[in-house]
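Novice: My structure file my_file-v3.cif, mmCIF, C-alpha atoms, is below:
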data_input
loop_
_atom_site.label_atom_id
_atom_site.label_comp_id
_atom_site.auth_asym_id
_atom_site.auth_seq_id
_atom_site.Cartn_x
_atom_site.Cartn_y
_atom_site.Cartn_z
CA MET R 1 116.61 180.27 122.18
CA GLN R 2 115.92 177.85 125.02
CA ILE R 3 116.26 174.08 125.05
CA LEU R 4 112.98 172.17 124.78
CA PRO R 5 111.53 170.82 128.07
CA GLY R 6 112.76 167.34 128.92
CA PHE R 7 115.76 167.46 126.55
CA ARG R 8 119.46 167.91 127.34
CA ASP R 9 122.60 169.59 126.12
CA PHE R 10 125.73 167.47 126.54
CA LEU R 11 128.76 169.57 127.41
CA PRO R 12 132.21 167.90 127.32
CA ALA R 13 131.96 166.68 130.94
CA ASP R 14 128.49 165.29 130.22
CA CYS R 15 129.78 163.48 127.15
CA ALA R 16 132.61 161.99 129.23
CA ALA R 17 130.06 160.69 131.75
CA ARG R 18 127.87 159.36 128.95
CA SER R 19 130.83 157.55 127.36
CA TYR R 20 131.67 156.07 130.77
CA VAL R 21 128.15 154.65 131.06
CA PHE R 22 128.09 153.30 127.50
CA GLU R 23 131.50 151.63 127.88
CA ARG R 24 130.38 149.70 130.94
CA TRP R 25 127.11 148.71 129.35
CA ARG R 26 128.99 147.36 126.34
CA GLN R 27 131.73 145.64 128.32
CA VAL R 28 129.38 143.63 130.53
CA ALA R 29 126.94 142.74 127.74
CA ARG R 30 129.81 141.44 125.62
CA ARG R 31 131.18 139.43 128.56
CA TYR R 32 127.85 137.60 128.55
CA GLY R 33 128.13 136.82 124.85
CA PHE R 34 125.65 139.46 123.68
CA VAL R 35 126.25 141.13 120.32
CA GLU R 36 125.32 144.71 119.45
CA TRP R 37 122.62 145.74 117.00
CA ASP R 38 120.35 148.76 116.50
CA GLY R 39 117.30 149.98 114.60
CA PRO R 40 116.01 153.27 113.21
CA ILE R 41 114.96 156.25 115.33
CA LEU R 42 111.78 156.60 113.23
CA GLU R 43 109.23 153.82 112.87
CA PRO R 44 105.65 153.71 111.57
CA THR R 45 103.35 154.82 114.39
CA GLU R 46 101.27 151.74 113.66
CA LEU R 47 104.06 149.53 115.04
CA TYR R 48 103.61 151.03 118.50
CA LYS R 49 99.82 151.03 118.25
CA LYS R 50 99.91 147.35 117.38
CA LYS R 51 101.94 146.58 120.49
CA SER R 52 100.41 148.94 123.05
CA GLY R 53 97.08 150.10 121.63
CA PRO R 54 95.98 153.50 120.29
CA GLU R 55 96.42 155.15 123.70
CA ILE R 56 100.21 155.01 123.22
CA VAL R 57 99.96 157.89 120.72
CA GLY R 58 99.57 160.36 123.58
CA GLN R 59 103.10 159.45 124.73
CA LEU R 60 104.77 159.68 121.31
CA PHE R 61 106.61 162.33 119.34
CA ASN R 62 104.69 161.47 116.17
CA PHE R 63 103.99 163.33 112.93
CA MET R 64 103.15 162.94 109.24
CA ASP R 65 106.23 162.81 107.02
CA LYS R 66 106.51 164.38 103.56
CA ARG R 67 104.90 161.31 101.98
CA GLU R 68 101.94 161.54 104.36
CA ARG R 69 103.09 158.51 106.38
CA GLU R 70 102.38 158.59 110.10
CA VAL R 71 105.71 158.06 111.87
CA ALA R 72 106.99 158.28 115.43
CA MET R 73 110.33 158.73 117.16
CA ARG R 74 110.91 155.47 118.97
CA PRO R 75 109.79 155.37 122.63
CA GLU R 76 111.27 151.88 123.14
CA LEU R 77 113.11 149.19 121.21
CA THR R 78 111.11 145.99 121.74
CA PRO R 79 108.69 146.54 118.82
CA THR R 80 111.63 147.21 116.49
CA LEU R 81 113.36 144.07 117.78
CA ALA R 82 110.23 142.03 117.07
CA ARG R 83 110.01 143.46 113.55
CA VAL R 84 113.70 142.82 112.82
CA VAL R 85 113.69 139.29 114.24
CA ALA R 86 110.56 138.41 112.26
CA ALA R 87 112.32 139.57 109.08
CA HIS R 88 115.78 138.11 109.68
CA GLU R 89 115.50 135.23 112.16
CA ARG R 90 116.52 132.60 109.58
CA GLU R 91 119.91 134.31 109.21
CA PHE R 92 120.98 133.65 112.80
CA LYS R 93 121.54 130.69 115.07
CA LYS R 94 119.25 130.58 118.11
CA PRO R 95 119.09 131.74 120.76
CA LEU R 96 119.86 135.32 119.80
CA LYS R 97 121.61 137.30 122.52
CA TRP R 98 121.45 140.91 121.37
CA PHE R 99 122.00 144.26 123.04
CA SER R 100 121.58 147.83 121.88
CA ILE R 101 122.39 151.30 123.19
CA GLY R 102 120.17 153.94 121.67
CA ARG R 103 118.22 157.15 122.10
CA PHE R 104 114.50 157.09 122.88
CA PHE R 105 111.73 159.65 123.15
CA ARG R 106 108.49 159.90 125.12
CA TYR R 107 106.19 162.88 125.24
CA GLU R 108 105.34 162.87 128.93
CA LYS R 109 105.86 165.00 132.00
CA GLN R 110 109.52 165.14 132.97
CA GLN R 111 110.44 164.39 136.58
CA ARG R 112 113.41 163.13 138.56
CA GLY R 113 114.83 160.17 136.72
CA ARG R 114 112.62 160.68 133.65
CA LEU R 115 113.03 163.07 130.72
CA ARG R 116 111.47 163.25 127.28
CA GLU R 117 114.61 161.86 125.69
CA HIS R 118 117.06 159.41 127.15
CA PHE R 119 119.62 156.78 126.26
CA GLN R 120 118.86 153.19 127.09
CA LEU R 121 120.56 149.80 127.25
CA ASN R 122 118.38 147.01 125.88
CA CYS R 123 119.36 143.35 126.31
CA ASP R 124 117.24 140.56 124.84
CA ILE R 125 117.39 136.79 124.43
CA VAL R 126 115.26 135.43 121.60
CA GLY R 127 114.45 131.81 120.83
CA GLU R 128 114.83 130.15 124.25
CA THR R 129 112.02 128.96 126.54
CA ASP R 130 114.15 127.42 129.30
CA LEU R 131 114.34 129.18 132.67
CA ALA R 132 118.13 129.27 132.25
CA ALA R 133 117.61 132.23 129.90
CA ASP R 134 115.71 134.12 132.61
CA VAL R 135 118.51 133.44 135.08
CA GLU R 136 121.08 134.63 132.55
CA LEU R 137 119.20 137.86 131.89
CA VAL R 138 118.74 138.75 135.57
CA ALA R 139 122.41 137.95 136.23
CA LEU R 140 123.42 140.24 133.37
CA CYS R 141 121.31 143.07 134.78
CA ILE R 142 122.92 142.63 138.21
CA ASP R 143 126.44 142.58 136.77
CA VAL R 144 125.80 145.68 134.68
CA LEU R 145 125.02 147.60 137.87
CA ARG R 146 127.95 146.07 139.75
CA ALA R 147 130.23 147.41 136.99
CA PHE R 148 129.38 150.94 138.18
CA GLY R 149 130.45 150.20 141.74
CA PHE R 150 127.03 149.36 143.21
CA SER R 151 126.75 146.58 145.77
CA GLU R 152 123.89 144.54 147.20
CA GLU R 153 123.51 147.31 149.79
CA ASP R 154 122.66 149.78 147.03
CA PHE R 155 120.08 148.01 144.85
CA ILE R 156 117.64 145.12 144.83
CA VAL R 157 116.13 143.18 141.94
CA ARG R 158 112.50 142.42 142.74
CA ILE R 159 111.36 139.42 140.71
CA SER R 160 107.90 138.00 140.11
CA ASP R 161 106.01 135.78 137.69
CA ARG R 162 103.01 136.88 135.64
CA GLU R 163 101.93 133.23 135.43
CA PHE R 164 101.59 133.19 139.22
CA TRP R 165 98.81 135.78 138.87
CA THR R 166 97.21 134.39 135.72
CA ASP R 167 96.95 131.00 137.48
CA PHE R 168 95.44 132.82 140.47
CA LEU R 169 92.85 134.59 138.30
CA ARG R 170 92.04 131.37 136.46
CA GLN R 171 91.40 129.60 139.78
CA LYS R 172 89.06 132.44 140.80
CA ASN R 173 87.16 132.02 137.51
CA VAL R 174 87.91 135.58 136.42
CA PRO R 175 87.11 136.14 132.71
CA VAL R 176 90.25 136.37 130.58
CA ASP R 177 89.21 139.76 129.20
CA ARG R 178 89.59 141.24 132.70
CA TRP R 179 93.07 139.87 133.41
CA ASP R 180 95.06 142.81 132.02
CA GLU R 181 92.91 145.29 133.94
CA LEU R 182 93.35 143.43 137.23
CA LEU R 183 97.06 142.82 136.71
CA GLN R 184 97.56 146.56 136.29
CA VAL R 185 95.67 147.16 139.56
CA ILE R 186 97.98 144.70 141.34
CA ASP R 187 101.02 146.35 139.73
CA LYS R 188 99.93 149.78 141.03
CA SER R 189 98.83 148.55 144.47
CA GLU R 190 102.10 149.55 146.12
CA ARG R 191 101.85 153.10 144.79
CA GLU R 192 98.14 153.75 145.38
CA PRO R 193 96.08 154.04 148.59
CA ARG R 194 94.81 150.71 149.86
CA GLU R 195 91.21 151.92 149.67
CA LYS R 196 91.57 152.63 145.95
CA THR R 197 93.07 149.20 145.31
CA VAL R 198 90.23 147.51 147.27
CA GLU R 199 87.67 149.45 145.26
CA LYS R 200 89.20 148.43 141.94
CA LEU R 201 89.60 144.75 142.91
CA GLY R 202 86.07 144.36 144.28
CA GLN R 203 85.39 140.78 145.40
CA LEU R 204 88.99 139.84 144.66
CA ALA R 205 90.34 142.38 147.15
CA ASP R 206 90.66 140.04 150.16
CA PRO R 207 92.36 137.09 148.40
CA VAL R 208 94.67 139.39 146.41
CA LEU R 209 95.73 141.46 149.43
CA THR R 210 96.20 138.31 151.50
CA THR R 211 98.42 136.84 148.79
CA LEU R 212 100.43 140.07 148.62
CA SER R 213 100.92 140.14 152.39
CA GLU R 214 102.07 136.51 152.43
CA GLY R 215 104.49 137.12 149.58
CA GLY R 216 103.24 134.38 147.28
CA LYS R 217 105.02 131.15 146.42
CA SER R 218 106.18 129.90 143.04
CA GLU R 219 108.35 126.91 142.21
CA LYS R 220 109.59 128.72 139.11
CA LEU R 221 110.72 131.73 141.16
CA GLU R 222 112.48 129.46 143.65
CA GLN R 223 114.37 127.83 140.76
CA LEU R 224 115.31 131.26 139.45
CA VAL R 225 116.69 132.34 142.81
CA ASN R 226 118.59 129.05 143.14
CA GLY R 227 120.11 129.63 139.71
CA LEU R 228 121.33 133.04 140.85
CA ARG R 229 122.52 131.59 144.16
CA ALA R 230 124.80 129.20 142.23
CA ARG R 231 126.45 132.33 140.78
CA GLY R 232 126.74 134.06 144.14
CA LEU R 233 124.09 136.63 143.20
CA ALA R 234 121.11 135.61 145.34
CA ASN R 235 121.61 138.50 147.79
CA PHE R 236 120.79 140.93 144.98
CA VAL R 237 117.26 139.61 144.44
CA ASP R 238 113.99 139.41 146.32
CA VAL R 239 110.85 137.51 145.31
CA ASP R 240 108.05 140.05 145.32
CA VAL R 241 104.79 139.16 143.57
CA ARG R 242 103.67 142.79 143.77
CA ILE R 243 105.86 143.30 140.70
CA VAL R 244 103.62 142.60 137.72
CA ARG R 245 104.78 145.21 135.15
CA GLY R 246 101.63 146.78 133.78
CA LEU R 247 102.53 146.13 130.14
CA ALA R 248 100.18 143.48 128.81
CA TYR R 249 102.71 141.71 126.57
CA TYR R 250 104.68 140.13 129.45
CA THR R 251 103.98 136.41 129.82
CA GLY R 252 106.23 134.99 132.55
CA ILE R 253 109.10 136.07 134.79
CA VAL R 254 109.21 139.85 135.28
CA PHE R 255 111.55 141.99 137.37
CA GLU R 256 112.35 145.56 138.33
CA VAL R 257 115.48 147.02 139.95
CA PHE R 258 115.27 149.63 142.71
CA HIS R 259 117.60 151.65 144.88
CA ARG R 260 117.48 150.19 148.39
CA SER R 261 116.41 153.57 149.79
CA GLY R 262 113.29 153.55 147.62
CA THR R 263 113.79 157.22 146.73
CA LEU R 264 114.20 156.65 142.98
CA ARG R 265 111.94 155.21 140.31
CA ALA R 266 112.86 151.80 138.86
CA ILE R 267 116.44 151.70 137.55
CA ALA R 268 115.75 148.84 135.14
CA GLY R 269 112.96 146.46 134.33
CA GLY R 270 112.01 143.64 132.02
CA GLY R 271 110.77 140.12 131.69
CA ARG R 272 109.57 137.41 129.34
CA TYR R 273 107.36 138.27 126.36
CA ASP R 274 106.92 134.99 124.49
CA ASN R 275 103.98 136.08 122.31
CA LEU R 276 105.02 139.55 121.15
CA ILE R 277 107.04 138.61 118.07
CA GLY R 278 104.13 136.50 116.84
CA GLN R 279 101.66 139.29 117.57
CA LEU R 280 103.64 141.95 115.73
CA SER R 281 104.37 139.68 112.75
CA ASP R 282 100.74 138.50 112.44
CA GLU R 283 102.00 135.05 113.50
CA ALA R 284 104.37 134.83 110.52
CA VAL R 285 107.15 134.17 113.04
CA SER R 286 106.51 133.03 116.61
CA MET R 287 109.48 132.91 118.93
CA PRO R 288 109.90 133.09 122.72
CA ALA R 289 111.78 136.13 123.98
CA LEU R 290 112.78 138.02 127.10
CA GLY R 291 114.66 141.22 127.78
CA PHE R 292 115.28 144.21 129.99
CA ALA R 293 116.00 147.91 129.57
CA MET R 294 118.05 150.34 131.68
CA GLY R 295 117.93 154.10 131.10
CA ASP R 296 120.77 156.54 131.59
CA VAL R 297 118.73 159.23 133.40
CA VAL R 298 117.74 157.29 136.52
CA LEU R 299 121.09 155.47 136.46
CA GLY R 300 122.78 158.87 136.60
CA GLU R 301 120.68 159.80 139.62
CA LEU R 302 121.71 156.57 141.35
CA ILE R 303 125.39 157.22 140.63
CA LYS R 304 125.02 160.62 142.32
CA GLU R 305 123.33 158.98 145.32
CA VAL R 306 126.01 156.34 145.97
CA PRO R 307 129.45 157.77 146.94
CA ALA R 308 131.44 154.72 145.79
CA ALA R 309 129.82 154.80 142.34
CA ARG R 310 130.15 158.58 142.08
CA ASP R 311 133.84 158.48 143.00
CA LYS R 312 134.48 155.66 140.54
CA MET R 313 132.94 157.63 137.67
CA GLU R 314 134.74 160.85 138.60
CA LYS R 315 138.07 159.03 138.71
CA ALA R 316 137.43 157.37 135.35
CA THR R 317 136.35 160.57 133.61
CA ARG R 318 138.72 163.05 135.25
CA THR R 319 141.43 162.74 132.58
CA ARG R 320 139.24 161.62 129.66
CA GLY R 321 139.62 164.95 127.85
CA ASN R 322 143.37 165.20 128.43
CA ILE R 323 145.83 165.14 125.56
CA ASP R 324 149.10 163.20 125.46
CA ILE R 325 151.43 165.76 123.89
CA TYR R 326 151.43 169.52 123.44
CA VAL R 327 153.81 170.89 120.82
CA VAL R 328 155.31 174.24 121.80
CA ILE R 329 156.43 176.28 118.80
CA ALA R 330 159.08 178.63 120.19
CA LYS R 331 160.30 179.77 116.77
CA GLU R 332 157.80 180.36 113.97
CA GLU R 333 160.35 179.23 111.38
CA ARG R 334 160.11 175.76 112.96
CA ARG R 335 156.29 175.55 112.56
CA ALA R 336 156.43 173.50 109.33
CA ASP R 337 158.79 170.99 110.98
CA ALA R 338 156.51 170.81 114.01
CA LEU R 339 153.40 170.25 111.89
CA GLY R 340 155.06 167.37 110.06
CA GLN R 341 155.88 165.69 113.37
CA ILE R 342 152.40 166.42 114.74
CA GLN R 343 150.86 164.60 111.78
CA THR R 344 153.14 161.60 112.33
CA LEU R 345 152.31 161.48 116.04
CA ARG R 346 148.57 161.65 115.41
CA GLU R 347 148.80 158.90 112.80
CA ASN R 348 150.44 156.77 115.49
CA GLY R 349 147.54 157.26 117.87
CA TYR R 350 148.76 160.05 120.13
CA ARG R 351 146.43 162.86 121.17
CA VAL R 352 148.34 165.97 120.16
CA ASP R 353 147.56 169.69 120.20
CA TYR R 354 149.50 172.86 119.38
CA PRO R 355 148.98 176.65 119.01
CA LEU R 356 147.16 177.47 115.78
CA THR R 357 148.65 180.96 115.75
CA THR R 358 151.75 182.66 117.16
CA MET R 359 151.75 182.59 120.95
CA LYS R 360 154.26 183.39 123.69
CA VAL R 361 156.15 180.33 124.92
CA GLY R 362 154.99 180.79 128.52
CA LYS R 363 151.37 180.89 127.38
CA GLN R 364 151.90 177.73 125.36
CA PHE R 365 153.21 175.84 128.39
CA GLN R 366 150.26 177.13 130.39
CA THR R 367 147.91 175.78 127.73
CA ALA R 368 149.71 172.43 127.83
CA GLU R 369 149.07 172.22 131.58
CA GLU R 370 145.42 173.20 131.16
CA LEU R 371 144.90 170.50 128.55
CA GLY R 372 146.40 167.88 130.86
CA ALA R 373 149.27 167.04 128.54
CA THR R 374 151.78 164.48 129.75
CA ILE R 375 154.63 165.74 127.59
CA ALA R 376 155.50 169.04 125.91
CA LEU R 377 157.71 169.08 122.82
CA LEU R 378 159.52 172.37 122.16
CA TYR R 379 160.55 173.36 118.64
CA GLY R 380 163.06 176.20 118.87
CA ASP R 381 166.76 177.02 118.89
CA GLU R 382 167.74 173.43 119.66
CA TRP R 383 166.67 172.25 116.19
CA PRO R 384 167.36 169.69 114.68
CA GLN R 385 166.92 168.46 118.23
CA VAL R 386 163.60 168.78 120.03
CA LYS R 387 163.29 169.52 123.72
CA LEU R 388 161.06 166.96 125.44
CA LYS R 389 159.63 168.02 128.80
CA THR R 390 157.75 165.69 131.14
CA LEU R 391 155.30 168.12 132.71
CA ALA R 392 154.66 166.21 135.93
CA THR R 393 158.35 166.02 136.91
CA ARG R 394 159.66 169.03 134.92
CA GLU R 395 162.39 166.72 133.57
CA GLU R 396 163.80 167.88 130.23
CA ARG R 397 165.94 166.18 127.60
CA LEU R 398 166.97 166.78 124.01
CA VAL R 399 166.02 164.23 121.38
CA VAL R 400 167.00 164.15 117.72
CA GLU R 401 163.84 164.75 115.75
CA GLU R 402 164.21 161.58 113.65
CA GLU R 403 164.34 159.50 116.86
CA LEU R 404 161.46 161.27 118.58
CA LEU R 405 158.70 158.77 117.72
CA ALA R 406 160.74 155.78 118.90
CA HIS R 407 161.64 157.66 122.08
CA LEU R 408 157.99 158.45 122.82
CA GLN R 409 156.91 154.87 122.13
CA ALA R 410 159.33 153.76 124.86
CA GLN R 411 157.74 156.10 127.43
CA PRO R 412 155.66 154.12 129.99
CA SER R 413 153.51 157.19 130.69
CA LEU R 414 152.29 157.33 127.08
CA SER R 415 150.30 154.78 125.17
CA SER R 416 149.48 155.28 121.51
#
As structure tokens, how would this structure be written, given the file I've shared?
Specialist:
Amino acid sequence: MQILPGFRDFLPADCAARSYVFERWRQVARRYGFVEWDGPILEPTELYKKKSGPEIVGQLFNFMDKREREVAMRPELTPTLARVVAAHEREFKKPLKWFSIGRFFRYEKQQRGRLREHFQLNCDIVGETDLAADVELVALCIDVLRAFGFSEEDFIVRISDREFWTDFLRQKNVPVDRWDELLQVIDKSEREPREKTVEKLGQLADPVLTTLSEGGKSEKLEQLVNGLRARGLANFVDVDVRIVRGLAYYTGIVFEVFHRSGTLRAIAGGGRYDNLIGQLSDEAVSMPALGFAMGDVVLGELIKEVPAARDKMEKATRTRGNIDIYVVIAKEERRADALGQIQTLRENGYRVDYPLTTMKVGKQFQTAEELGATIALLYGDEWPQVKLKTLATREERLVVEEELLAHLQAQPSLSS
């Protein structure tokens, strides 16, 4: 049996790396006052159609359940967030600052930095219109990446403003029903041949391309950069009005994060979506909101690309699977005594292992080394004393079994 295309097995080393990523995501989000929440893996397919249109179905893992309900494995979290906020917003003081780490699924062609399943950090602020919330969100995104050892030489946050372009289109008397189409053309202009962009823009080609070449100016974007400058983070961002984010629900500031080399797809992206909660709740609840998402697949590629980040992760995960204590049972008649102590040690928080069946003493010490144990405890002829061996220094001492726990708790190399 082979694994399905675009999915992954997580061996112990992979799980250690995944835990490393999750821990840093959580640590930084909590430092910013965000609290964790989550939603279900399955949602009604209609929820995603309502947000993105019927064409989204081609990107979903969707099916009919046993009650003939059309459901889908979640491709993103924002629709679920909108549904949950609409149902529970009266229970919480505003603004909400929520984050989630979850698994997501998209049925699309896998490529570097993109698979059909991935884990993702989502951070959202709900119930605040002030630009301070946008500054806070971008700063959080920057600090999340800095937590992995990336510097301003490694990544750049390209920020833009959808309102810059909607004001532009309004001034050019472009019908509102064409705005989404044209914004998507602008969003793709960097990735498509110039001739194709000109063809799609028609009479708007010259003014749009001129604006793109000049960089565009926005008082709101200048205020955003100044807000980041006050935090010492301005060198991580660049105003770039080519960033539009093709998703129609964005209403204001948008941003995407890229590796400076440009060799990877976007590492993170997000922006303001003030109308989405109202849209998905049929205007039962209307609240401003903004957020960003960062996936583990492209982040993993970036960690591999940047030596400082790669070394930091390897150092942090190198001993993650190690145990604290290995109990060597030299005499089988001492096994019951050893098991009693093992239970006590585990209840006190120590990571402890031992041979499940009879094994030569030399092999047991070899196993202790392989498992990265700090200390070996030998139950043998010395009973009722236990021989304690510090494996790094080979130092040995005898400890009365009743005093063993207190002795271990005094060891600076162990922490329960």
Novice: From the list R:Val157, R:Ile329, R:Ile342, R:Leu228, which residue is nearest R:Thr357 when using only C-alpha atoms?
Specialist: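 Answer, going by the shortest atom-to-atom distance: R:Ile329.
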Novice: I'd like to see the residues matched by the PyMOL selection byres ((chain R and resi 94-104) around 10) on this file, and ideally I'd get them as a PyMOL selection string.
Specialist: chain R and resi 22+25-26+29-30+32-41+73-77+81+85+89-93+105-106+115-129+133+137+287-296
Novice: Excluding same-chain residues fewer than 6 positions from stretch 13-16 of chain R, what lies within 8 Å of it counting all atoms listed in the file, as a list in words?
Specialist: Thr317, Arg320 and Gly321 of chain R
Novice: Would you mind exporting the chosen residues as a PDB file, in the frame of the given file, restricted to C-alpha atoms?
Specialist:
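As a result, selection_21.pdb now contains:
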ATOM      1  CA  THR R 317     136.350 160.570 133.610  1.00  0.00           C
ATOM      2  CA  ARG R 320     139.240 161.620 129.660  1.00  0.00           C
ATOM      3  CA  GLY R 321     139.620 164.950 127.850  1.00  0.00           C
TER       4      GLY R 321
END
Novice: Measuring between all atoms listed in the file, which one of R:Cys141, R:Leu204, R:Val241, R:Val298 shows the shortest distance to R:Gln111?
Specialist: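 Among the listed residues, the smallest separation from R:Gln111 belongs to R:Val298.
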Novice: Translate the PyMOL selection byres ((chain R and resi 150-152) around 10), as applied to the file shown, into an explicit residue set as a PyMOL selection string.
Specialist: chain R and resi 142-149+153-157+233-237+259-260+302-303+306-310
Novice: Those same residues, written as a CSV table (one decimal), in the coordinates of the input with C-alpha atoms?
Specialist:
chain,number,residue,atom,x,y,z
R,142,ILE,CA,122.9,142.6,138.2
R,143,ASP,CA,126.4,142.6,136.8
R,144,VAL,CA,125.8,145.7,134.7
R,145,LEU,CA,125.0,147.6,137.9
R,146,ARG,CA,128.0,146.1,139.8
R,147,ALA,CA,130.2,147.4,137.0
R,148,PHE,CA,129.4,150.9,138.2
R,149,GLY,CA,130.4,150.2,141.7
R,153,GLU,CA,123.5,147.3,149.8
R,154,ASP,CA,122.7,149.8,147.0
R,155,PHE,CA,120.1,148.0,144.8
R,156,ILE,CA,117.6,145.1,144.8
R,157,VAL,CA,116.1,143.2,141.9
R,233,LEU,CA,124.1,136.6,143.2
R,234,ALA,CA,121.1,135.6,145.3
R,235,ASN,CA,121.6,138.5,147.8
R,236,PHE,CA,120.8,140.9,145.0
R,237,VAL,CA,117.3,139.6,144.4
R,259,HIS,CA,117.6,151.6,144.9
R,260,ARG,CA,117.5,150.2,148.4
R,302,LEU,CA,121.7,156.6,141.4
R,303,ILE,CA,125.4,157.2,140.6
R,306,VAL,CA,126.0,156.3,146.0
R,307,PRO,CA,129.4,157.8,146.9
R,308,ALA,CA,131.4,154.7,145.8
R,309,ALA,CA,129.8,154.8,142.3
R,310,ARG,CA,130.2,158.6,142.1
Novice: Let me know the residues the PyMOL selection byres ((chain R and resi 211-215) around 12) catches in the file above, as a PyMOL selection string.
Specialist: chain R and resi 158-160+164-165+168+186-187+189-190+204-210+216-218+221+238-244
Novice: Using the atoms already present, construct N, CA, C and O atoms for stretch 11-22 of chain R and hand them back as a short mmCIF file (atom, residue, chain, number, x, y, z; two decimals), keeping the file's coordinate frame.
Specialist:
data_model
loop_
_atom_site.label_atom_id
_atom_site.label_comp_id
_atom_site.auth_asym_id
_atom_site.auth_seq_id
_atom_site.Cartn_x
_atom_site.Cartn_y
_atom_site.Cartn_z
N LEU R 11 127.48 168.90 127.42
CA LEU R 11 128.76 169.57 127.41
C LEU R 11 129.88 168.53 127.51
O LEU R 11 129.59 167.34 127.76
N PRO R 12 131.14 168.91 127.31
CA PRO R 12 132.21 167.90 127.32
C PRO R 12 132.20 166.98 128.54
O PRO R 12 132.38 165.76 128.40
N ALA R 13 131.98 167.53 129.74
CA ALA R 13 131.96 166.68 130.94
C ALA R 13 130.79 165.71 130.89
O ALA R 13 130.90 164.56 131.35
N ASP R 14 129.65 166.16 130.34
CA ASP R 14 128.49 165.29 130.22
C ASP R 14 128.76 164.16 129.22
O ASP R 14 128.34 163.02 129.43
N CYS R 15 129.44 164.50 128.13
CA CYS R 15 129.78 163.48 127.15
C CYS R 15 130.76 162.46 127.73
O CYS R 15 130.68 161.26 127.42
N ALA R 16 131.68 162.92 128.57
CA ALA R 16 132.61 161.99 129.23
C ALA R 16 131.85 161.02 130.12
O ALA R 16 132.12 159.82 130.13
N ALA R 17 130.87 161.55 130.89
CA ALA R 17 130.06 160.69 131.75
C ALA R 17 129.23 159.72 130.92
O ALA R 17 129.08 158.55 131.28
N ARG R 18 128.68 160.21 129.82
CA ARG R 18 127.87 159.36 128.95
C ARG R 18 128.72 158.23 128.35
O ARG R 18 128.30 157.06 128.32
N SER R 19 129.93 158.57 127.90
CA SER R 19 130.83 157.55 127.36
C SER R 19 131.18 156.51 128.42
O SER R 19 131.27 155.31 128.14
N TYR R 20 131.38 156.97 129.65
CA TYR R 20 131.67 156.07 130.77
C TYR R 20 130.55 155.06 130.95
O TYR R 20 130.80 153.85 131.11
N VAL R 21 129.31 155.53 130.91
CA VAL R 21 128.15 154.65 131.06
C VAL R 21 128.08 153.67 129.89
O VAL R 21 127.93 152.45 130.09
N PHE R 22 128.20 154.17 128.67
CA PHE R 22 128.09 153.30 127.50
C PHE R 22 129.17 152.22 127.50
O PHE R 22 128.91 151.07 127.13
#
